[in-house]
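Participant: What follows is the file entry_25.pdb, containing PDB, C-alpha atoms:
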ATOM      1  CA  SER P   1       6.076 -25.373 -66.537
ATOM      2  CA  ALA P   2       7.254 -22.321 -68.429
ATOM      3  CA  ALA P   3       7.654 -24.277 -71.666
ATOM      4  CA  ALA P   4       4.104 -25.621 -71.467
ATOM      5  CA  LEU P   5       2.757 -22.132 -70.815
ATOM      6  CA  ALA P   6       4.720 -20.753 -73.784
ATOM      7  CA  ILE P   7       3.395 -23.493 -76.086
ATOM      8  CA  PHE P   8      -0.129 -22.915 -74.766
ATOM      9  CA  SER P   9       0.232 -19.157 -75.396
ATOM     10  CA  VAL P  10       1.432 -19.652 -78.966
ATOM     11  CA  ALA P  11      -1.398 -22.107 -79.673
ATOM     12  CA  ILE P  12      -3.929 -19.625 -78.309
ATOM     13  CA  ALA P  13      -2.500 -16.806 -80.401
ATOM     14  CA  LEU P  14      -2.556 -18.842 -83.613
ATOM     15  CA  LEU P  15      -6.070 -20.062 -83.042
ATOM     16  CA  VAL P  16      -7.440 -16.714 -81.951
ATOM     17  CA  GLN P  17      -5.848 -14.798 -84.813
ATOM     18  CA  ARG P  18      -7.632 -17.035 -87.299
ATOM     19  CA  GLN P  19     -11.003 -16.461 -85.628
ATOM     20  CA  THR P  20     -10.822 -12.822 -84.568
ATOM     21  CA  ARG P  21     -13.522 -10.385 -85.625
ATOM     22  CA  PRO P  22     -14.144  -6.831 -84.476
ATOM     23  CA  ARG P  23     -16.128  -6.223 -81.343
ATOM     24  CA  VAL P  24     -19.610  -4.804 -81.766
ATOM     25  CA  GLY P  25     -21.063  -2.677 -78.980
ATOM     26  CA  ASP P  26     -20.748  -3.137 -75.235
ATOM     27  CA  MET P  27     -20.495  -6.578 -73.750
ATOM     28  CA  THR P  28     -23.555  -7.445 -71.737
ATOM     29  CA  LEU P  29     -21.799  -9.652 -69.209
ATOM     30  CA  THR P  30     -18.609  -7.674 -68.794
ATOM     31  CA  GLY P  31     -19.456  -4.095 -69.683
ATOM     32  CA  GLY P  32     -16.381  -3.956 -71.899
ATOM     33  CA  ILE P  33     -12.838  -3.008 -71.100
ATOM     34  CA  PRO P  34     -12.538   0.589 -69.868
ATOM     35  CA  GLY P  35     -11.099   2.914 -72.492
ATOM     36  CA  GLN P  36     -10.929   0.273 -75.187
ATOM     37  CA  GLU P  37     -12.036   1.271 -78.664
ATOM     38  CA  GLU P  38     -13.672  -1.150 -81.090
ATOM     39  CA  GLU P  39     -10.684  -1.331 -83.404
ATOM     40  CA  SER P  40      -8.343  -2.229 -80.528
ATOM     41  CA  SER P  41     -10.549  -5.027 -79.230
ATOM     42  CA  ASN P  42      -9.123  -7.701 -81.523
ATOM     43  CA  MET P  43      -7.245 -10.495 -79.867
ATOM     44  CA  PRO P  44      -3.529  -9.876 -79.423
ATOM     45  CA  SER P  45      -0.830 -10.952 -81.837
ATOM     46  CA  MET P  46       1.458 -13.856 -80.970
ATOM     47  CA  GLU P  47       4.121 -11.388 -79.839
ATOM     48  CA  GLU P  48       1.660  -9.541 -77.623
ATOM     49  CA  LEU P  49       0.258 -12.759 -76.186
ATOM     50  CA  SER P  50       3.695 -14.174 -75.415
ATOM     51  CA  ALA P  51       4.540 -10.930 -73.588
ATOM     52  CA  MET P  52       1.392 -11.145 -71.450
ATOM     53  CA  THR P  53       1.288 -12.514 -67.960
ATOM     54  CA  PRO P  54      -0.839 -15.627 -67.442
ATOM     55  CA  ARG P  55      -3.494 -13.404 -65.830
ATOM     56  CA  GLU P  56      -3.581 -11.006 -68.781
ATOM     57  CA  ALA P  57      -3.928 -13.901 -71.233
ATOM     58  CA  ALA P  58      -6.709 -15.448 -69.116
ATOM     59  CA  ASP P  59      -8.556 -12.125 -68.960
ATOM     60  CA  ARG P  60      -8.365 -11.742 -72.740
ATOM     61  CA  LEU P  61      -9.787 -15.239 -73.215
ATOM     62  CA  PHE P  62     -12.558 -14.405 -70.746
ATOM     63  CA  GLU P  63     -13.445 -11.289 -72.743
ATOM     64  CA  ARG P  64     -13.472 -13.286 -75.972
ATOM     65  CA  ALA P  65     -15.679 -16.021 -74.483
ATOM     66  CA  MET P  66     -18.166 -13.445 -73.222
ATOM     67  CA  ARG P  67     -18.243 -11.623 -76.546
ATOM     68  CA  GLU P  68     -18.843 -14.826 -78.512
ATOM     69  CA  HIS P  69     -21.591 -15.874 -76.096
ATOM     70  CA  GLU P  70     -23.329 -12.493 -76.293
ATOM     71  CA  GLU P  71     -23.146 -12.549 -80.087
ATOM     72  CA  GLY P  72     -24.875 -15.934 -80.063
ATOM     73  CA  ASP P  73     -21.956 -18.014 -81.337
ATOM     74  CA  PHE P  74     -22.256 -20.652 -78.620
ATOM     75  CA  GLU P  75     -19.939 -23.171 -80.268
ATOM     76  CA  ARG P  76     -17.122 -20.656 -80.463
ATOM     77  CA  ALA P  77     -18.006 -19.351 -76.985
ATOM     78  CA  SER P  78     -17.722 -22.875 -75.592
ATOM     79  CA  PHE P  79     -14.265 -23.193 -77.096
ATOM     80  CA  PHE P  80     -13.089 -19.931 -75.508
ATOM     81  CA  ILE P  81     -14.808 -20.746 -72.201
ATOM     82  CA  ASP P  82     -12.780 -23.963 -71.970
ATOM     83  CA  MET P  83      -9.591 -22.138 -72.918
ATOM     84  CA  GLY P  84     -10.325 -19.376 -70.409
ATOM     85  CA  ILE P  85     -10.831 -21.839 -67.573
ATOM     86  CA  GLN P  86      -7.558 -23.571 -68.463
ATOM     87  CA  ALA P  87      -5.778 -20.229 -68.649
ATOM     88  CA  TYR P  88      -7.054 -19.145 -65.222
ATOM     89  CA  ALA P  89      -5.793 -22.475 -63.833
ATOM     90  CA  ALA P  90      -2.288 -21.376 -64.918
ATOM     91  CA  VAL P  91      -2.547 -18.055 -63.061
ATOM     92  CA  PRO P  92      -0.566 -17.951 -59.803
ATOM     93  CA  PRO P  93      -2.941 -18.152 -56.803
ATOM     94  CA  ASP P  94      -1.796 -14.770 -55.464
ATOM     95  CA  GLU P  95      -3.090 -13.156 -58.683
ATOM     96  CA  ILE P  96      -6.596 -14.620 -58.339
ATOM     97  CA  ASN P  97      -8.432 -11.635 -56.879
ATOM     98  CA  ALA P  98     -12.178 -10.941 -56.726
ATOM     99  CA  ASP P  99     -12.263  -9.912 -60.384
ATOM    100  CA  ALA P 100     -10.581 -13.153 -61.502
ATOM    101  CA  GLN P 101     -12.875 -15.188 -59.221
ATOM    102  CA  PHE P 102     -15.831 -13.418 -60.855
ATOM    103  CA  HIS P 103     -14.516 -14.231 -64.340
ATOM    104  CA  ILE P 104     -13.982 -17.894 -63.466
ATOM    105  CA  GLY P 105     -17.430 -18.066 -61.882
ATOM    106  CA  LEU P 106     -19.118 -16.591 -64.960
ATOM    107  CA  LEU P 107     -17.254 -19.003 -67.229
ATOM    108  CA  ARG P 108     -18.333 -21.910 -65.020
ATOM    109  CA  LEU P 109     -21.906 -20.634 -65.005
ATOM    110  CA  LEU P 110     -21.932 -20.477 -68.808
ATOM    111  CA  MET P 111     -20.858 -24.135 -68.759
ATOM    112  CA  GLY P 112     -23.899 -24.901 -66.612
ATOM    113  CA  ASP P 113     -21.932 -25.384 -63.401
ATOM    114  CA  SER P 114     -23.850 -23.232 -60.923
ATOM    115  CA  ALA P 115     -22.251 -24.991 -57.923
ATOM    116  CA  SER P 116     -18.752 -23.909 -59.003
ATOM    117  CA  ALA P 117     -20.016 -20.411 -59.760
ATOM    118  CA  ARG P 118     -21.579 -20.246 -56.298
ATOM    119  CA  ALA P 119     -18.294 -21.446 -54.744
ATOM    120  CA  ARG P 120     -16.443 -18.617 -56.533
ATOM    121  CA  ALA P 121     -19.037 -16.129 -55.280
ATOM    122  CA  GLU P 122     -18.605 -17.440 -51.742
ATOM    123  CA  ALA P 123     -14.820 -17.065 -52.037
ATOM    124  CA  ILE P 124     -15.267 -13.417 -53.041
ATOM    125  CA  LEU P 125     -17.755 -12.778 -50.239
ATOM    126  CA  ALA P 126     -15.518 -14.517 -47.671
ATOM    127  CA  GLU P 127     -12.866 -11.885 -48.412
ATOM    128  CA  GLU P 128     -15.335  -8.990 -48.521
ATOM    129  CA  ALA P 129     -18.954  -9.629 -47.536
ATOM    130  CA  GLU P 130     -20.200  -6.538 -49.366
ATOM    131  CA  HIS P 131     -18.418  -7.077 -52.687
ATOM    132  CA  LEU P 132     -20.800  -6.341 -55.553
ATOM    133  CA  LEU P 133     -19.228  -8.886 -57.903
ATOM    134  CA  GLY P 134     -19.574 -11.620 -55.281
ATOM    135  CA  LEU P 135     -23.220 -10.751 -54.750
ATOM    136  CA  LEU P 136     -23.816 -10.498 -58.483
ATOM    137  CA  LEU P 137     -22.244 -13.888 -59.177
ATOM    138  CA  ALA P 138     -24.144 -15.454 -56.276
ATOM    139  CA  SER P 139     -27.435 -14.047 -57.605
ATOM    140  CA  ARG P 140     -26.695 -15.383 -61.111
ATOM    141  CA  ALA P 141     -25.877 -18.816 -59.667
ATOM    142  CA  ALA P 142     -29.106 -18.749 -57.628
ATOM    143  CA  ASP P 143     -31.074 -17.808 -60.764
ATOM    144  CA  PHE P 144     -29.474 -20.666 -62.665
ATOM    145  CA  SER P 145     -30.263 -23.095 -59.831
ATOM    146  CA  GLY P 146     -33.898 -21.993 -59.843
ATOM    147  CA  ASP P 147     -33.756 -20.277 -56.440
ATOM    148  CA  ALA P 148     -35.610 -17.081 -57.384
ATOM    149  CA  VAL P 149     -36.109 -16.038 -53.754
ATOM    150  CA  MET P 150     -32.380 -16.193 -52.954
ATOM    151  CA  ALA P 151     -31.509 -14.463 -56.237
ATOM    152  CA  GLU P 152     -33.828 -11.567 -55.441
ATOM    153  CA  GLU P 153     -32.521 -11.312 -51.859
ATOM    154  CA  LEU P 154     -28.986 -11.038 -53.207
ATOM    155  CA  ARG P 155     -30.008  -8.420 -55.785
ATOM    156  CA  GLU P 156     -31.729  -6.458 -53.030
ATOM    157  CA  ARG P 157     -28.471  -6.503 -51.043
ATOM    158  CA  GLU P 158     -26.697  -5.181 -54.154
ATOM    159  CA  ARG P 159     -29.262  -2.385 -54.530
ATOM    160  CA  GLU P 160     -28.921  -1.399 -50.864
ATOM    161  CA  LEU P 161     -25.126  -1.337 -51.064
ATOM    162  CA  VAL P 162     -25.168   0.845 -54.160
ATOM    163  CA  LYS P 163     -27.792   3.130 -52.638
ATOM    164  CA  SER P 164     -25.840   3.552 -49.387
ATOM    165  CA  ALA P 165     -22.649   4.276 -51.373
ATOM    166  CA  GLY P 166     -24.429   6.910 -53.472
ATOM    167  CA  GLY P 167     -23.930   4.901 -56.653
ATOM    168  CA  ILE P 168     -21.680   2.152 -57.905
ATOM    169  CA  PRO P 169     -18.316   2.688 -56.190
ATOM    170  CA  ASP P 170     -15.432   3.637 -58.469
ATOM    171  CA  ARG P 171     -13.368   0.462 -58.041
ATOM    172  CA  PRO P 172     -11.511  -0.965 -61.053
ATOM    173  CA  GLU P 173     -13.418  -4.261 -61.046
ATOM    174  CA  TYR P 174     -16.744  -2.419 -60.785
ATOM    175  CA  VAL P 175     -15.820  -0.059 -63.624
ATOM    176  CA  SER P 176     -14.932  -3.064 -65.813
ATOM    177  CA  HIS P 177     -18.311  -4.660 -65.151
ATOM    178  CA  ARG P 178     -20.443  -1.538 -64.761
ATOM    179  CA  VAL P 179     -23.003  -2.461 -67.446
ATOM    180  CA  LEU P 180     -23.569  -5.874 -65.897
ATOM    181  CA  ILE P 181     -23.899  -4.404 -62.398
ATOM    182  CA  GLU P 182     -26.379  -1.778 -63.614
ATOM    183  CA  ARG P 183     -28.486  -4.392 -65.388
ATOM    184  CA  ALA P 184     -28.444  -6.677 -62.364
ATOM    185  CA  LEU P 185     -29.634  -3.832 -60.154
ATOM    186  CA  GLU P 186     -32.621  -3.331 -62.455
ATOM    187  CA  GLU P 187     -33.554  -7.006 -62.772
ATOM    188  CA  GLU P 188     -36.440  -8.663 -61.086
ATOM    189  CA  SER P 189     -36.454 -12.304 -60.168
ATOM    190  CA  ARG P 190     -36.685 -14.542 -63.218
TER     191      ARG P 190
END
Can you present the structure in this file as structure tokens?
Facilitator:
Amino acid sequence: SAAALAIFSVAIALLVQRQTRPRVGDMTLTGGIPGQEEESSNMPSMEELSAMTPREAADRLFERAMREHEEGDFERASFFIDMGIQAYAAVPPDEINADAQFHIGLLRLLMGDSASARARAEAILAEEAEHLLGLLLASRAADFSGDAVMAEELRERERELVKSAGGIPDRPEYVSHRVLIERALEEESR
């Protein structure tokens, strides 16, 4: 309901404001938000959060979870991962695109749920078989599951797609996750 979402948003804002610290460097998993400067990377105020759509709030929680995880604060990351998953559950289904599926899959993977991450990757690839984020998420899930052969096959597909396109295509979701895509293209099987 709208009231529950409003209460949830206010609770998030209060909690996040107490725990916000400046962002340091690029985010390994997300590649950062295009055009965002360090000083503007703090979590939004209560007013800003209440004005956000459910998708915008979920994306901000995703970014925070990834940042905390990359900085090694796994307890805080776990908190924001749970909140992010709950926030994405409140997003209308028609707003869950490949980028949101990727975010949910990464959050699930960080929770140790490679099956759910793989399901999100499959959903992306069912819509577009050559989607880099779908392949990337599928390769991460395969790595996590211990299937090094499948992970490398998926990364090879990514490399071939990027090579045939003459580089990483200039799509918004690829720009947002450019650093992660570039690193995945360079990785060898774990």
Participant: Suppose you want the space between atom CA of P:Glu128 and atom CA of P:Glu153; what is it in Å?
Facilitator: 17.7 Å
Participant: Which of these, P:Ala119, P:Met83, P:Ala89, P:Leu133, has the shortest distance to P:Phe102 once you count all atoms listed in the file?
Facilitator: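 Using all atoms listed in the file, the shortest distance to P:Phe102 belongs to P:Leu133.
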Participant: Work out how far atom CA of P:Val91 is from atom CA of P:Ile124, in Å to one decimal.
Facilitator: 16.8 Å
Participant: Can you build me a table of stretch 86-172 of chain P residues sitting at most 10 Å from stretch 43-62 of chain P, with the closest atom pair per residue and its distance in Å to one decimal, using only C-alpha atoms, sorted by chain and residue number, as JSON lines?
Facilitator:
{"residue": "P:Gln86", "atom": "CA", "partner": "P:Ala58", "partner_atom": "CA", "distance": 8.2}
{"residue": "P:Ala87", "atom": "CA", "partner": "P:Ala58", "partner_atom": "CA", "distance": 4.9}
{"residue": "P:Tyr88", "atom": "CA", "partner": "P:Ala58", "partner_atom": "CA", "distance": 5.4}
{"residue": "P:Ala89", "atom": "CA", "partner": "P:Ala58", "partner_atom": "CA", "distance": 8.8}
{"residue": "P:Ala90", "atom": "CA", "partner": "P:Pro54", "partner_atom": "CA", "distance": 6.4}
{"residue": "P:Val91", "atom": "CA", "partner": "P:Pro54", "partner_atom": "CA", "distance": 5.3}
{"residue": "P:Pro92", "atom": "CA", "partner": "P:Pro54", "partner_atom": "CA", "distance": 8.0}
{"residue": "P:Glu95", "atom": "CA", "partner": "P:Arg55", "partner_atom": "CA", "distance": 7.2}
{"residue": "P:Ile96", "atom": "CA", "partner": "P:Arg55", "partner_atom": "CA", "distance": 8.2}
{"residue": "P:Asp99", "atom": "CA", "partner": "P:Asp59", "partner_atom": "CA", "distance": 9.6}
{"residue": "P:Ala100", "atom": "CA", "partner": "P:Asp59", "partner_atom": "CA", "distance": 7.8}
{"residue": "P:His103", "atom": "CA", "partner": "P:Phe62", "partner_atom": "CA", "distance": 6.7}
{"residue": "P:Ile104", "atom": "CA", "partner": "P:Phe62", "partner_atom": "CA", "distance": 8.2}
{"residue": "P:Leu106", "atom": "CA", "partner": "P:Phe62", "partner_atom": "CA", "distance": 9.0}
{"residue": "P:Leu107", "atom": "CA", "partner": "P:Phe62", "partner_atom": "CA", "distance": 7.5}
Participant: Give me the residues near P:Leu185 as a PyMOL selection string, where near means some atom within 12 Å (using all atoms listed in the file) and where sequence neighbours in that chain fewer than 5 positions away do not count.
Facilitator: chain P and resi 132-133+135-136+139-140+151-163+167-168+178-180
Participant: Using the chain letters and residue numbers of this document, give as a list of chain:residue names the residues selected by the PyMOL selection byres ((chain P and resi 172) around 12).
Facilitator: P:Ile33, P:Pro34, P:Asn97, P:Ala98, P:Asp99, P:Leu133, P:Ile168, P:Pro169, P:Asp170, P:Arg171, P:Glu173, P:Tyr174, P:Val175, P:Ser176, P:His177, P:Arg178
Participant: Give me, please, the distance in Å between atom CA of P:His69 and atom CA of P:Ala117, quoted to one decimal.
Facilitator: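 Straight-line distance from atom CA of P:His69 to atom CA of P:Ala117 works out to 17.0 Å.
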Participant: Box in all listed atoms of stretch 43-52 of chain P, axis-aligned, with 5 Å more on each side; write out centre and edge lengths in Å to one decimal as AutoDock Vina command-line options.
Facilitator:
--center_x -1.4 --center_y -11.9 --center_z -76.6 --size_x 21.8 --size_y 14.6 --size_z 20.4
Participant: Which residue is closest to P:Gly134? Choose from P:Glu186, P:Glu122, P:Glu68, P:Asp94 and count all atoms listed in the file.
Facilitator: P:Glu122
Participant: In terms of the shortest atom-to-atom distance over all atoms listed in the file, which of P:Ala138, P:Gly72, P:Ile85, P:Glu187 is closest to P:Arg108?
Facilitator: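 Between P:Ala138, P:Gly72, P:Ile85, P:Glu187, the residue approaching P:Arg108 most closely is P:Ile85.
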Participant: Pick out the closest residue to P:Ala126 from this set: P:Leu110, P:Gln101, P:Asp73, P:Ser145. Count all atoms listed in the file.
Facilitator: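 That would be P:Gln101, the residue with the smallest distance to P:Ala126.
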Participant: Please, could N, CA and C atoms be added to stretch 154-180 of chain P and the result written as a compact mmCIF listing (two decimals), in the frame of the given file?
Facilitator:
# COMPACT_ATOMS: atom_id res chain seq x y z
N LEU P 154 -30.35 -11.48 -52.89
CA LEU P 154 -28.99 -11.04 -53.21
C LEU P 154 -29.00 -9.75 -54.02
N ARG P 155 -29.91 -9.66 -55.00
CA ARG P 155 -30.01 -8.42 -55.78
C ARG P 155 -30.44 -7.25 -54.91
N GLU P 156 -31.31 -7.52 -53.95
CA GLU P 156 -31.73 -6.46 -53.03
C GLU P 156 -30.54 -5.98 -52.19
N ARG P 157 -29.69 -6.90 -51.76
CA ARG P 157 -28.47 -6.50 -51.04
C ARG P 157 -27.60 -5.62 -51.93
N GLU P 158 -27.47 -5.99 -53.21
CA GLU P 158 -26.70 -5.18 -54.15
C GLU P 158 -27.28 -3.77 -54.24
N ARG P 159 -28.60 -3.69 -54.41
CA ARG P 159 -29.26 -2.38 -54.53
C ARG P 159 -29.01 -1.53 -53.29
N GLU P 160 -29.14 -2.14 -52.12
CA GLU P 160 -28.92 -1.40 -50.86
C GLU P 160 -27.48 -0.91 -50.74
N LEU P 161 -26.54 -1.74 -51.12
CA LEU P 161 -25.13 -1.34 -51.06
C LEU P 161 -24.85 -0.16 -51.99
N VAL P 162 -25.38 -0.24 -53.20
CA VAL P 162 -25.17 0.84 -54.16
C VAL P 162 -25.86 2.12 -53.68
N LYS P 163 -27.06 1.97 -53.15
CA LYS P 163 -27.79 3.13 -52.64
C LYS P 163 -27.03 3.78 -51.49
N SER P 164 -26.55 2.99 -50.54
CA SER P 164 -25.84 3.55 -49.39
C SER P 164 -24.51 4.18 -49.79
N ALA P 165 -23.91 3.71 -50.89
CA ALA P 165 -22.65 4.28 -51.37
C ALA P 165 -22.88 5.49 -52.27
N GLY P 166 -24.13 5.79 -52.59
CA GLY P 166 -24.43 6.91 -53.47
C GLY P 166 -24.15 6.60 -54.93
N GLY P 167 -24.19 5.35 -55.29
CA GLY P 167 -23.93 4.90 -56.65
C GLY P 167 -22.94 3.75 -56.64
N ILE P 168 -22.65 3.25 -57.81
CA ILE P 168 -21.68 2.15 -57.90
C ILE P 168 -20.30 2.72 -57.57
N PRO P 169 -19.65 2.18 -56.55
CA PRO P 169 -18.32 2.69 -56.19
C PRO P 169 -17.34 2.61 -57.37
N ASP P 170 -16.39 3.51 -57.36
CA ASP P 170 -15.43 3.64 -58.47
C ASP P 170 -14.21 2.74 -58.23
N ARG P 171 -14.45 1.44 -58.19
CA ARG P 171 -13.37 0.46 -58.04
C ARG P 171 -13.09 -0.13 -59.41
N PRO P 172 -11.84 -0.46 -59.71
CA PRO P 172 -11.51 -0.96 -61.05
C PRO P 172 -12.39 -2.13 -61.51
N GLU P 173 -12.62 -3.11 -60.63
CA GLU P 173 -13.42 -4.26 -61.05
C GLU P 173 -14.88 -3.89 -61.25
N TYR P 174 -15.36 -2.86 -60.58
CA TYR P 174 -16.74 -2.42 -60.78
C TYR P 174 -16.85 -1.62 -62.08
N VAL P 175 -15.83 -0.82 -62.38
CA VAL P 175 -15.82 -0.06 -63.62
C VAL P 175 -15.82 -1.02 -64.81
N SER P 176 -15.02 -2.08 -64.72
CA SER P 176 -14.93 -3.06 -65.81
C SER P 176 -16.25 -3.77 -66.07
N HIS P 177 -17.06 -3.91 -65.03
CA HIS P 177 -18.31 -4.66 -65.15
C HIS P 177 -19.53 -3.78 -64.86
N ARG P 178 -19.39 -2.50 -65.09
CA ARG P 178 -20.44 -1.54 -64.76
C ARG P 178 -21.78 -1.87 -65.42
N VAL P 179 -21.76 -2.18 -66.71
CA VAL P 179 -23.00 -2.46 -67.45
C VAL P 179 -23.72 -3.66 -66.82
N LEU P 180 -22.97 -4.69 -66.52
CA LEU P 180 -23.57 -5.87 -65.90
C LEU P 180 -24.14 -5.55 -64.52
